4 protein chains.
Amino acid sequence: MLACSSALAQLERVRQQTESLCEPLETEDYCIQPMLDASPPKWHLAHTTWFFETFVLKHAVPNYQVFDSAYEYLFNSYYEGIGTRHPRSDRGLLSRPLVSEIYAYRKHVDDALRCLLAGTPDTECLRRIELGLHHEQQHQELLITDLKCNLGRNPIHPIYLEKPSPLTQPTSVQTAFIEYRGQMLEIGAVLDKDPFCFDNELPRHSVWLAPYAIADRLVTNGEYLEFMADGGYETVSLWLSDGWGEKIARSWESPEYWFQQDGEWLEYTLHGVTPVDLESPVCHVSYFEADAYARWARARLPTEFEWEAAAQTSDHCERGTFAEDGHFHPRPQPPTFCGDCWQWTSSSYAPYPGYQPLEGTLGEYNGKFMANQYVLRGGSCATPTSHYRHSYRNFFYSKDRWQFTGIRLGRNLDN
Amino acid sequence: MLACSSALAQLERVRQQTESLCEPLETEDYCIQPMLDASPPKWHLAHTTWFFETFVLKHAVPNYQVFDSAYEYLFNSYYEGIGTRHPRSDRGLLSRPLVSEIYAYRKHVDDALRCLLAGTPDTECLRRIELGLHHEQQHQELLITDLKCNLGRNPIHPIYLEKPSPLTQPTSVQTAFIEYRGQMLEIGAVLDKDPFCFDNELPRHSVWLAPYAIADRLVTNGEYLEFMADGGYETVSLWLSDGWGEKIARSWESPEYWFQQDGEWLEYTLHGVTPVDLESPVCHVSYFEADAYARWARARLPTEFEWEAAAQTSDHCERGTFAEDGHFHPRPQPPTFCGDCWQWTSSSYAPYPGYQPLEGTLGEYNGKFMANQYVLRGGSCATPTSHYRHSYRNFFYSKDRWQFTGIRLGRNLDN
Amino acid sequence: MLACSSALAQLERVRQQTESLCEPLETEDYCIQPMLDASPPKWHLAHTTWFFETFVLKHAVPNYQVFDSAYEYLFNSYYEGIGTRHPRSDRGLLSRPLVSEIYAYRKHVDDALRCLLAGTPDTECLRRIELGLHHEQQHQELLITDLKCNLGRNPIHPIYLEKPSPLTQPTSVQTAFIEYRGQMLEIGAVLDKDPFCFDNELPRHSVWLAPYAIADRLVTNGEYLEFMADGGYETVSLWLSDGWGEKIARSWESPEYWFQQDGEWLEYTLHGVTPVDLESPVCHVSYFEADAYARWARARLPTEFEWEAAAQTSDHCERGTFAEDGHFHPRPQPPTFCGDCWQWTSSSYAPYPGYQPLEGTLGEYNGKFMANQYVLRGGSCATPTSHYRHSYRNFFYSKDRWQFTGIRLGRNLDN
Amino acid sequence: MLACSSALAQLERVRQQTESLCEPLETEDYCIQPMLDASPPKWHLAHTTWFFETFVLKHAVPNYQVFDSAYEYLFNSYYEGIGTRHPRSDRGLLSRPLVSEIYAYRKHVDDALRCLLAGTPDTECLRRIELGLHHEQQHQELLITDLKCNLGRNPIHPIYLEKPSPLTQPTSVQTAFIEYRGQMLEIGAVLDKDPFCFDNELPRHSVWLAPYAIADRLVTNGEYLEFMADGGYETVSLWLSDGWGEKIARSWESPEYWFQQDGEWLEYTLHGVTPVDLESPVCHVSYFEADAYARWARARLPTEFEWEAAAQTSDHCERGTFAEDGHFHPRPQPPTFCGDCWQWTSSSYAPYPGYQPLEGTLGEYNGKFMANQYVLRGGSCATPTSHYRHSYRNFFYSKDRWQFTGIRLGRNLDN
């Protein structure tokens, strides 16, 4: 758990990091909610602050004065235990509070947290601060993906950040499949070893895995274009029934943010519009597209257990792109299990055997979403490295495409 | 028609007035589209400018360089003849262009117009500038009503302008009905007399009016509260069938912006939340509520012809509140036919006999909306006085409530 | 008003006529509600019976025993004064009561009405019976149009009635425009002269009509095909704004029930699928299509007042097709003002000056629909002749196409 | 696999059974589609017949003449490989083909199948007939549940079958939890042992199960009423997030078909309205309600693997109610794993490791639905016994309530 000695430093670092991500923004950018799922930057800045105010300061600071009582209503995301809240659909309809007021709110709460940490906060308090920091890191990623949704849907395609000067790209290597024999494996976070984990990564437990193989890299744009060229988006037999329904309803013909111009495929990135890079991992695909691609490739998606077993035992010491790289878009990968794109697994998001949610309102953090979503693993180019571990379970609906979501293939092996 | 000599002065005045209305705004306020009908201030600023660029400058200035070619798509409202356009539903999803860029756009176009007027623009050009100025004044009113919709739906109820110091209020007088005998009357704008009119006010033509009476003032909040207290919102027999459907679907229990607190009726105004003033005209009611109120009062709504005949021949020399008063909310009225609230008439919006729309794309200005809407007369507290005349025909859908819309009663008289 | 002496004969005739219309039906046909607007035949049979039970028998017969108390809920159409009712959207979800039970219900009510008429019913009672008979005749037309909607949307296109042997068709004549000078005219039913009228046809009143011309026949399919061939459905400038929206949303490319096969236009009729007949009046068009056609033809739709004035003073002694002809589809017309298709007028449905609805719940019959609909005149091939008169005002929404609705052109004339 | 010798007998039995289920129906009952999910009986009768025609007769009979080529379009459910099909939403809008024509269609196909079986059909043909029979048995259950949805939503609550004379009811016994230690178990159908299984029950494979306990009976209405009385439907912390959304959107306050009258809970059954029986298993609950109940009961739903392991090794030799009992409603249960209600498991519907769908269009039978649904186990009072086996995997969406769906509890045990 977070030690009191390092808590302040981490607090400063994480809170500052959120604001750094907003540095390139204009005031107008802070206010836009481009679709129901994607909140405005202003809201992320305020909600993460509300989390500390609600779950830490009100809990630990006697006579704590809230910054503005209206914010309790405005910036509650989904905690039913806290009371009513502003409708999610209306987050982009609030011109007030102003951006400057939200920054003042952040300062107010940060100051109170500093003050709290200057004393001797109890264990529960430190535990909640730690949770708040990981919560804020989750919202750092959402801030980026939601901002991309805003800018990417704008017909004039604004640029968030100029593209960093090019790295030495890895020599193109062929994807290999790593094989695993049937075995019993331990899955989930290790309480003593991992510095932090969410409740949904526990308890560590045994799973029997039949023999399988798993790719050592993500599917690339080049490979995905072959699927498209082979009629992947027109071949109903490749698709799950619900997936085909979504494809028709939403007119999917390519990954999100892709469009064709003069016969060339382009994509909107946070550095602006660029040609689709053949060597980079394909990104912004739904579960349904990932599943259809896998079927086309005579493979399948791995389960989250196969994925975790492979990641934990892999020899690959390299990592793909994370948020700290400042690239915010997938890049050509070395063989690795993590970074660049969250990877759809075939596992429906469900509690591990013996799962216990947190006590009280914080119990709403994870458990209540354990239905009708799919687990994603591996982190992305928008995930802070310090927020990542192999046991991390991300989850989205099968139709979602606005996250940095990609594809790793798995296969059955004979016994 | 607009003389070249006065065109520049009018241009400066009207264009400046739009920007003056925006002075109290914060950057964030410029971006919000609180509902499909209500556009962001930024959009109004840009669209009125687009109108001049498209219909005046491109027409009259050889080799005119547009400010930004993307704006042709982004700020076209509904002119199909111009090409495709950005969807109305997405006007609040554009963080870019920035507010500052829109002001630069305005300056670019204003400078070009000044330059044009320094020369010898032809008649058609002056006619279009005049239309553009009246078009902009229409949007000045919409800018205010759409902004009210934004701020009024914000749970923290921001204030647009502090309330001006109180005027001497008129002594409360009883509403009187003015009676008119059956007669043939001329309706519509008089080309030689009126300095400007829209095409929908022409041609002037004869209408036979049976004997009728019409109230000399608008229905007040106090009177409307009697209707409410008498079960007006629960008595289905008072309502049109479609109106009752809307009432149920939208849970109408009072005019828009009203809410009850501790047994008292309050309303959101652009000066903030205030108690409902009993002497002021009731405002923000739909056609259906106006019609139901009239039925309850054993009266009816006047036709637009009855209204215009009465307004043109009335002795009342006073006016209600207009935009120049800077009040932006209805106030207690003297006997008058105009100001404070647009008044629903029972007349469906239709062309006058012999109506001819303007030539070309500008023909889309009015004529294509002549179905399924109702005519409103009289101007409101958000209408510029210089934009108003008794022959003016405003029009909205029967369910609309976000404009400053009120009620004047009419009655049948025996022959 | 209906004399007691003839009431029984009329009752027998009208009630029998409804059942005759159902003779070609199979049990399955009685149950289908193909869209929200179109009720199942079973419902029409029951609702018209409910009308007599509710407004006549319960009123006039002491201790009248209702056939089934559930029917009061199931077969009330829209009379709020009677109580709650079965949702309109669910009329096709009732397999019970059985068709045979509905016929038993009709017999129960008919017997009670016969019994009542064998005595000395009072004037109010006779007035209500008369209203009930005209109400039933209205539903005879709806039964036919709703049935056509059911069968016409069935991919196997069932036939309702074999086509009667061909009549001698009128020699094709050119449409002529009849001219009227400006004049004051009396509009509305004449109480002493007309044997029956609805409340919405009263009071008779004066209207001033500017000089106008009106076509002596309906627009034909051949003429409408010219509009289509000239890009009528693709030329936005011909359409009202709301109309273009409907056209896009509903993918209108031709009148309802038309489809193209091997380059030929066919249409579903109640006699099955036939080639579109060039000489017959175009049918199943919305107000928006009628308006667009008129604009294309450099004409306009007539007002309901122009229409009535022309119809009442016309020399044409022939009539088009009515229900008694048993054809149930428009046929080539002689010059005439009535029959074959209801004709869209440019008049929004509104009360005549001095209009008074009926007392009590029957006041809901007409008045509460007087908004947002357009008046149609002239009767159709599904209207019983005995139900028709020139002052008759039918009304539908501008988007409606499932009625037999066609187009008559009007024009402005100079003074 | 089905032997040729017994195929004819089974065909006669199963096909006859479908028609027997329809014996109590009136013609009108055959046509109703009460909601998108619930097809009319007529459609089930035709679609099961279409399945034999399409997959058996066209495959095996040279020059087979289809009964009506329109039926290929009308009665295809979801087989994209076959071509376009009639929209699911419109199944209740077809008054034609008539019920009698559908029975003639059945006879036509049955005769052709008899003829085929009188010869020497090949193995593939027999395999397809067998699949067709199990397919038809699935639709027998759907026919009953869809019919219940029709009759149950009719305000007059028609009776399908009189209640059979009461059985001796089991003495009320307390629910016990059977405990299982952690172990590796084989899950899935056994090819040599089971006479038939669907592709989704294969391949048989190993699963590691942590120690768990599972109830020996279903949750009863009495127990569920305690949950309701304890505020189960108002306590948001008991619900999954998506579940609470559904509860609010659909106003769930009790299981489907329940309603309160004079303080007593009644429910619609196929025998009509009866008081809720406290000893019978609760039925017509969604996954979300089952999950919320389990949370309230400090338990959880079992996984499908826990369920199958327990069912296969259980000593309980009794069975609950199946379709052959003719009761079509759950009854008080002895300790048993099957019958009365399908039981929601916490397992998302997914392919078993190594799953292979059938070849060709029949591959659409199961695999394409393996996402976003939950597995149910155990069979119900509407399932034919001969259709059931413990490895059977049924699947529905988490919001579905119109099937006979109930609750069995599971629990974690310490290692």
# chains A, B, ... in the order shown; residues from 1 in each chain; ligands from 1
$ select_by_dssp --residues "region 34-88 of chain D" --states "alpha helix (DSSP H)" --output "count of residues only"
20
$ residues_around --residues "Tyr397 (chain C)" --least-positions-apart "2" --cutoff "8 Å" --atoms "only C-alpha atoms" --output "list in words"
Tyr287, Asn372, Gln373, Tyr374, Phe395, Lys399 and Asp400 of chain C
$ interface_residues --of "chain C" --to "chain B" --cutoff "7 Å" --atoms "only C-alpha atoms" --output "compact mmCIF listing (two decimals) with N, CA and C atoms, in the first residue's frame"
# COMPACT_ATOMS: atom_id res chain seq x y z
N VAL C 207 -66.46 34.81 -46.52
CA VAL C 207 -65.03 34.83 -46.77
C VAL C 207 -64.79 35.64 -48.04
N TRP C 208 -63.76 36.48 -48.00
CA TRP C 208 -63.40 37.22 -49.20
C TRP C 208 -62.36 36.42 -49.98
N TRP C 239 -39.64 21.67 -52.63
CA TRP C 239 -40.26 21.11 -51.44
C TRP C 239 -40.28 22.09 -50.27
N LEU C 240 -41.32 21.97 -49.47
CA LEU C 240 -41.32 22.62 -48.16
C LEU C 240 -40.22 21.99 -47.31
N SER C 241 -39.70 22.76 -46.39
CA SER C 241 -38.58 22.28 -45.57
C SER C 241 -38.96 21.02 -44.78
N SER C 348 -54.91 25.07 -43.31
CA SER C 348 -54.73 24.38 -42.04
C SER C 348 -56.10 24.21 -41.39
N GLY C 354 -66.67 31.66 -34.89
CA GLY C 354 -67.88 31.41 -34.14
C GLY C 354 -68.18 29.94 -33.90
N LYS C 368 -61.02 19.15 -31.00
CA LYS C 368 -59.70 19.02 -30.40
C LYS C 368 -58.61 18.64 -31.40
N PHE C 369 -59.01 18.42 -32.63
CA PHE C 369 -58.01 18.11 -33.67
C PHE C 369 -57.65 19.31 -34.53
N ASN C 372 -52.45 21.79 -36.64
CA ASN C 372 -51.37 21.02 -37.25
C ASN C 372 -51.81 20.00 -38.29
N ASN C 412 -53.34 31.74 -58.89
CA ASN C 412 -53.69 33.13 -58.67
C ASN C 412 -54.11 33.77 -60.00
$ residues_around --residues "region 128-139 of chain C" --least-positions-apart "3" --cutoff "7 Å" --atoms "only C-alpha atoms" --output "list of chain:residue names"
C:Leu2, C:Leu11, C:Val14, C:His44, C:Thr48, C:Phe51, C:Phe52, C:Phe55, C:Val56, C:Glu124, C:Cys125, C:Leu142, C:Leu143, C:Pro384, C:His387
$ write_last_selection --atoms "all heavy atoms" --output "compact mmCIF listing (two decimals), in the first residue's frame"
# COMPACT_ATOMS: atom_id res chain seq x y z
N LEU C 2 -82.44 13.70 -38.61
CA LEU C 2 -82.96 12.35 -38.88
C LEU C 2 -84.37 12.22 -38.32
O LEU C 2 -84.61 12.46 -37.13
CB LEU C 2 -82.03 11.34 -38.20
CG LEU C 2 -82.22 9.88 -38.48
CD1 LEU C 2 -81.91 9.57 -39.94
CD2 LEU C 2 -81.34 9.06 -37.56
N LEU C 11 -80.33 3.06 -40.09
CA LEU C 11 -79.50 2.26 -39.18
C LEU C 11 -79.20 0.90 -39.80
O LEU C 11 -78.05 0.46 -39.86
CB LEU C 11 -80.24 2.08 -37.84
CG LEU C 11 -79.52 1.20 -36.82
CD1 LEU C 11 -78.39 1.97 -36.14
CD2 LEU C 11 -80.51 0.68 -35.76
N VAL C 14 -76.77 1.33 -42.89
CA VAL C 14 -75.37 1.70 -42.60
C VAL C 14 -74.65 0.58 -41.85
O VAL C 14 -73.52 0.21 -42.18
CB VAL C 14 -75.30 3.03 -41.81
CG1 VAL C 14 -73.88 3.29 -41.30
CG2 VAL C 14 -75.79 4.18 -42.68
N HIS C 44 -62.45 -1.51 -35.86
CA HIS C 44 -63.46 -0.61 -36.43
C HIS C 44 -64.87 -1.14 -36.17
O HIS C 44 -65.78 -0.38 -35.83
CB HIS C 44 -63.24 -0.44 -37.95
CG HIS C 44 -62.05 0.40 -38.30
ND1 HIS C 44 -61.94 1.72 -37.98
CD2 HIS C 44 -60.91 0.09 -38.96
CE1 HIS C 44 -60.78 2.21 -38.44
NE2 HIS C 44 -60.13 1.23 -39.03
N THR C 48 -67.17 1.35 -33.62
CA THR C 48 -68.40 2.02 -34.07
C THR C 48 -69.59 1.55 -33.23
O THR C 48 -70.52 2.32 -32.99
CB THR C 48 -68.65 1.71 -35.56
OG1 THR C 48 -68.52 0.30 -35.78
CG2 THR C 48 -67.63 2.43 -36.44
N PHE C 51 -69.48 3.24 -29.88
CA PHE C 51 -69.97 4.61 -29.98
C PHE C 51 -71.48 4.65 -29.70
O PHE C 51 -71.97 5.47 -28.92
CB PHE C 51 -69.65 5.16 -31.37
CG PHE C 51 -69.87 6.63 -31.52
CD1 PHE C 51 -68.82 7.54 -31.39
CD2 PHE C 51 -71.14 7.14 -31.81
CE1 PHE C 51 -69.03 8.91 -31.54
CE2 PHE C 51 -71.35 8.50 -31.97
CZ PHE C 51 -70.30 9.40 -31.83
N PHE C 52 -72.22 3.74 -30.34
CA PHE C 52 -73.67 3.68 -30.10
C PHE C 52 -73.98 3.28 -28.65
O PHE C 52 -74.87 3.82 -28.02
CB PHE C 52 -74.34 2.68 -31.06
CG PHE C 52 -74.52 3.21 -32.45
CD1 PHE C 52 -73.78 2.71 -33.51
CD2 PHE C 52 -75.45 4.22 -32.71
CE1 PHE C 52 -73.96 3.21 -34.81
CE2 PHE C 52 -75.62 4.72 -34.01
CZ PHE C 52 -74.87 4.21 -35.06
N PHE C 55 -72.82 6.43 -26.34
CA PHE C 55 -73.44 7.75 -26.47
C PHE C 55 -74.95 7.69 -26.71
O PHE C 55 -75.63 8.68 -26.54
CB PHE C 55 -72.76 8.55 -27.59
CG PHE C 55 -71.33 8.89 -27.27
CD1 PHE C 55 -70.27 8.38 -28.01
CD2 PHE C 55 -71.04 9.73 -26.19
CE1 PHE C 55 -68.96 8.70 -27.70
CE2 PHE C 55 -69.72 10.05 -25.88
CZ PHE C 55 -68.68 9.53 -26.62
N VAL C 56 -75.46 6.52 -27.12
CA VAL C 56 -76.91 6.41 -27.33
C VAL C 56 -77.54 5.53 -26.27
O VAL C 56 -78.37 5.98 -25.50
CB VAL C 56 -77.22 5.85 -28.75
CG1 VAL C 56 -78.72 5.68 -28.92
CG2 VAL C 56 -76.64 6.75 -29.83
N GLU C 124 -82.75 14.37 -28.79
CA GLU C 124 -81.33 14.23 -28.52
C GLU C 124 -80.86 12.84 -28.90
O GLU C 124 -79.79 12.63 -29.46
CB GLU C 124 -81.03 14.52 -27.04
CG GLU C 124 -79.61 14.25 -26.58
CD GLU C 124 -78.57 15.13 -27.28
OE1 GLU C 124 -78.97 16.11 -27.94
OE2 GLU C 124 -77.37 14.83 -27.18
N CYS C 125 -81.70 11.88 -28.60
CA CYS C 125 -81.38 10.49 -28.91
C CYS C 125 -81.27 10.30 -30.43
O CYS C 125 -80.32 9.68 -30.93
CB CYS C 125 -82.47 9.60 -28.32
SG CYS C 125 -82.24 7.87 -28.66
N LEU C 142 -62.21 4.41 -43.30
CA LEU C 142 -60.95 4.05 -42.64
C LEU C 142 -60.72 2.55 -42.67
O LEU C 142 -59.59 2.08 -42.81
CB LEU C 142 -60.97 4.55 -41.19
CG LEU C 142 -60.96 6.07 -41.03
CD1 LEU C 142 -61.18 6.46 -39.57
CD2 LEU C 142 -59.64 6.66 -41.54
N LEU C 143 -61.79 1.78 -42.53
CA LEU C 143 -61.65 0.32 -42.59
C LEU C 143 -61.01 -0.08 -43.92
O LEU C 143 -60.11 -0.92 -43.96
CB LEU C 143 -63.04 -0.30 -42.42
CG LEU C 143 -63.14 -1.80 -42.14
CD1 LEU C 143 -64.44 -2.10 -41.41
CD2 LEU C 143 -63.04 -2.64 -43.40
N PRO C 384 -68.66 6.70 -48.68
CA PRO C 384 -70.05 6.47 -49.09
C PRO C 384 -70.67 7.77 -49.62
O PRO C 384 -70.52 8.82 -49.00
CB PRO C 384 -70.75 6.05 -47.79
CG PRO C 384 -69.65 5.64 -46.85
CD PRO C 384 -68.45 6.45 -47.25
N HIS C 387 -72.67 9.87 -47.38
CA HIS C 387 -71.93 10.52 -46.29
C HIS C 387 -71.34 11.85 -46.75
O HIS C 387 -70.84 12.63 -45.96
CB HIS C 387 -70.80 9.57 -45.85
CG HIS C 387 -70.00 10.06 -44.69
ND1 HIS C 387 -70.55 10.30 -43.46
CD2 HIS C 387 -68.67 10.34 -44.56
CE1 HIS C 387 -69.60 10.72 -42.63
NE2 HIS C 387 -68.47 10.76 -43.27
$ residues_around --residues "His47 (chain C)" --least-positions-apart "6" --cutoff "8 Å" --atoms "only C-alpha atoms" --output "ChimeraX atom specification"
/C:75-77
$ write_last_selection --atoms "C-alpha atoms" --output "PDB file, in the first residue's frame"
ATOM      1  CA  PHE C  75     -62.788   0.190 -27.884  1.00  0.00           C
ATOM      2  CA  ASN C  76     -62.722   3.821 -26.794  1.00  0.00           C
ATOM      3  CA  SER C  77     -60.716   5.660 -29.429  1.00  0.00           C
TER       4      SER C  77
END
$ atom_distance --atom1 "CA of Tyr293 (chain D)" --atom2 "CA of Tyr224 (chain D)"
7.5 Å
$ residues_around --residues "region 248-256 of chain B" --least-positions-apart "5" --cutoff "8 Å" --atoms "only C-alpha atoms" --output "NGL selection string"
:B and (228 or 233 or 283-285 or 401-402)
$ closest_residue --among "A:Glu28, A:Glu359, A:Asp37, A:Asp340" --to "Cys381 (chain A)" --atoms "only C-alpha atoms"
A:Asp340
$ closest_residue --among "A:Arg389, A:Pro121, A:Tyr160, A:Gln16" --to "Thr145 (chain A)" --atoms "only C-alpha atoms"
A:Tyr160
$ residues_around --residues "Leu301 (chain C)" --least-positions-apart "2" --cutoff "9 Å" --atoms "only C-alpha atoms" --output "number ranges by chain"
C: 214, 290-291, 294-295, 299, 303, 344-346, 407-411
$ atom_distance --atom1 "CA of His271 (chain C)" --atom2 "CA of Leu147 (chain C)"
12.4 Å
$ closest_residue --among "D:Asp216, D:Ile144, D:Pro97, D:Val273" --to "His157 (chain C)" --atoms "only C-alpha atoms"
D:Pro97
$ decode --residues "region 42-49 of chain A" --atoms "all heavy atoms" --output "PDB file, in the first residue's frame"
ATOM      1  N   LYS A  42     -13.161  19.228 -19.026  1.00  0.00           N
ATOM      2  CA  LYS A  42     -13.544  19.955 -17.813  1.00  0.00           C
ATOM      3  C   LYS A  42     -14.168  19.015 -16.794  1.00  0.00           C
ATOM      4  O   LYS A  42     -13.906  19.098 -15.598  1.00  0.00           O
ATOM      5  CB  LYS A  42     -14.545  21.053 -18.198  1.00  0.00           C
ATOM      6  CG  LYS A  42     -14.686  22.153 -17.211  1.00  0.00           C
ATOM      7  CD  LYS A  42     -15.508  23.321 -17.800  1.00  0.00           C
ATOM      8  CE  LYS A  42     -16.988  23.020 -17.777  1.00  0.00           C
ATOM      9  NZ  LYS A  42     -17.790  24.217 -18.165  1.00  0.00           N
ATOM     10  N   TRP A  43     -14.997  18.129 -17.276  1.00  0.00           N
ATOM     11  CA  TRP A  43     -15.665  17.192 -16.385  1.00  0.00           C
ATOM     12  C   TRP A  43     -14.647  16.225 -15.769  1.00  0.00           C
ATOM     13  O   TRP A  43     -14.716  15.947 -14.562  1.00  0.00           O
ATOM     14  CB  TRP A  43     -16.749  16.428 -17.157  1.00  0.00           C
ATOM     15  CG  TRP A  43     -17.577  15.581 -16.247  1.00  0.00           C
ATOM     16  CD1 TRP A  43     -18.701  15.944 -15.561  1.00  0.00           C
ATOM     17  CD2 TRP A  43     -17.310  14.223 -15.864  1.00  0.00           C
ATOM     18  NE1 TRP A  43     -19.161  14.916 -14.798  1.00  0.00           N
ATOM     19  CE2 TRP A  43     -18.330  13.838 -14.966  1.00  0.00           C
ATOM     20  CE3 TRP A  43     -16.324  13.302 -16.200  1.00  0.00           C
ATOM     21  CZ2 TRP A  43     -18.368  12.558 -14.396  1.00  0.00           C
ATOM     22  CZ3 TRP A  43     -16.361  12.032 -15.637  1.00  0.00           C
ATOM     23  CH2 TRP A  43     -17.377  11.670 -14.745  1.00  0.00           C
ATOM     24  N   HIS A  44     -13.715  15.725 -16.555  1.00  0.00           N
ATOM     25  CA  HIS A  44     -12.704  14.819 -15.994  1.00  0.00           C
ATOM     26  C   HIS A  44     -11.888  15.532 -14.915  1.00  0.00           C
ATOM     27  O   HIS A  44     -11.592  14.967 -13.860  1.00  0.00           O
ATOM     28  CB  HIS A  44     -11.763  14.306 -17.098  1.00  0.00           C
ATOM     29  CG  HIS A  44     -12.387  13.310 -18.015  1.00  0.00           C
ATOM     30  ND1 HIS A  44     -12.827  12.073 -17.595  1.00  0.00           N
ATOM     31  CD2 HIS A  44     -12.641  13.349 -19.349  1.00  0.00           C
ATOM     32  CE1 HIS A  44     -13.316  11.400 -18.631  1.00  0.00           C
ATOM     33  NE2 HIS A  44     -13.219  12.157 -19.708  1.00  0.00           N
ATOM     34  N   LEU A  45     -11.505  16.777 -15.193  1.00  0.00           N
ATOM     35  CA  LEU A  45     -10.734  17.545 -14.207  1.00  0.00           C
ATOM     36  C   LEU A  45     -11.512  17.696 -12.902  1.00  0.00           C
ATOM     37  O   LEU A  45     -10.935  17.627 -11.802  1.00  0.00           O
ATOM     38  CB  LEU A  45     -10.407  18.941 -14.759  1.00  0.00           C
ATOM     39  CG  LEU A  45      -9.374  19.004 -15.875  1.00  0.00           C
ATOM     40  CD1 LEU A  45      -9.312  20.420 -16.457  1.00  0.00           C
ATOM     41  CD2 LEU A  45      -7.989  18.589 -15.361  1.00  0.00           C
ATOM     42  N   ALA A  46     -12.799  17.916 -13.039  1.00  0.00           N
ATOM     43  CA  ALA A  46     -13.610  18.156 -11.846  1.00  0.00           C
ATOM     44  C   ALA A  46     -13.974  16.851 -11.149  1.00  0.00           C
ATOM     45  O   ALA A  46     -13.925  16.751  -9.922  1.00  0.00           O
ATOM     46  CB  ALA A  46     -14.878  18.920 -12.236  1.00  0.00           C
ATOM     47  N   HIS A  47     -14.311  15.837 -11.926  1.00  0.00           N
ATOM     48  CA  HIS A  47     -14.771  14.589 -11.320  1.00  0.00           C
ATOM     49  C   HIS A  47     -13.667  13.904 -10.503  1.00  0.00           C
ATOM     50  O   HIS A  47     -13.918  13.381  -9.419  1.00  0.00           O
ATOM     51  CB  HIS A  47     -15.291  13.642 -12.403  1.00  0.00           C
ATOM     52  CG  HIS A  47     -15.472  12.242 -11.924  1.00  0.00           C
ATOM     53  ND1 HIS A  47     -16.431  11.887 -10.995  1.00  0.00           N
ATOM     54  CD2 HIS A  47     -14.789  11.096 -12.226  1.00  0.00           C
ATOM     55  CE1 HIS A  47     -16.339  10.583 -10.741  1.00  0.00           C
ATOM     56  NE2 HIS A  47     -15.359  10.077 -11.471  1.00  0.00           N
ATOM     57  N   THR A  48     -12.444  13.912 -11.033  1.00  0.00           N
ATOM     58  CA  THR A  48     -11.357  13.282 -10.280  1.00  0.00           C
ATOM     59  C   THR A  48     -11.114  14.040  -8.974  1.00  0.00           C
ATOM     60  O   THR A  48     -10.745  13.433  -7.955  1.00  0.00           O
ATOM     61  CB  THR A  48     -10.065  13.258 -11.124  1.00  0.00           C
ATOM     62  OG1 THR A  48      -9.840  14.568 -11.674  1.00  0.00           O
ATOM     63  CG2 THR A  48     -10.183  12.273 -12.273  1.00  0.00           C
ATOM     64  N   THR A  49     -11.362  15.330  -9.013  1.00  0.00           N
ATOM     65  CA  THR A  49     -11.222  16.151  -7.818  1.00  0.00           C
ATOM     66  C   THR A  49     -12.355  15.871  -6.833  1.00  0.00           C
ATOM     67  O   THR A  49     -12.154  15.758  -5.621  1.00  0.00           O
ATOM     68  CB  THR A  49     -11.200  17.631  -8.242  1.00  0.00           C
ATOM     69  OG1 THR A  49     -10.177  17.785  -9.229  1.00  0.00           O
ATOM     70  CG2 THR A  49     -10.940  18.539  -7.070  1.00  0.00           C
TER      71      THR A  49
END
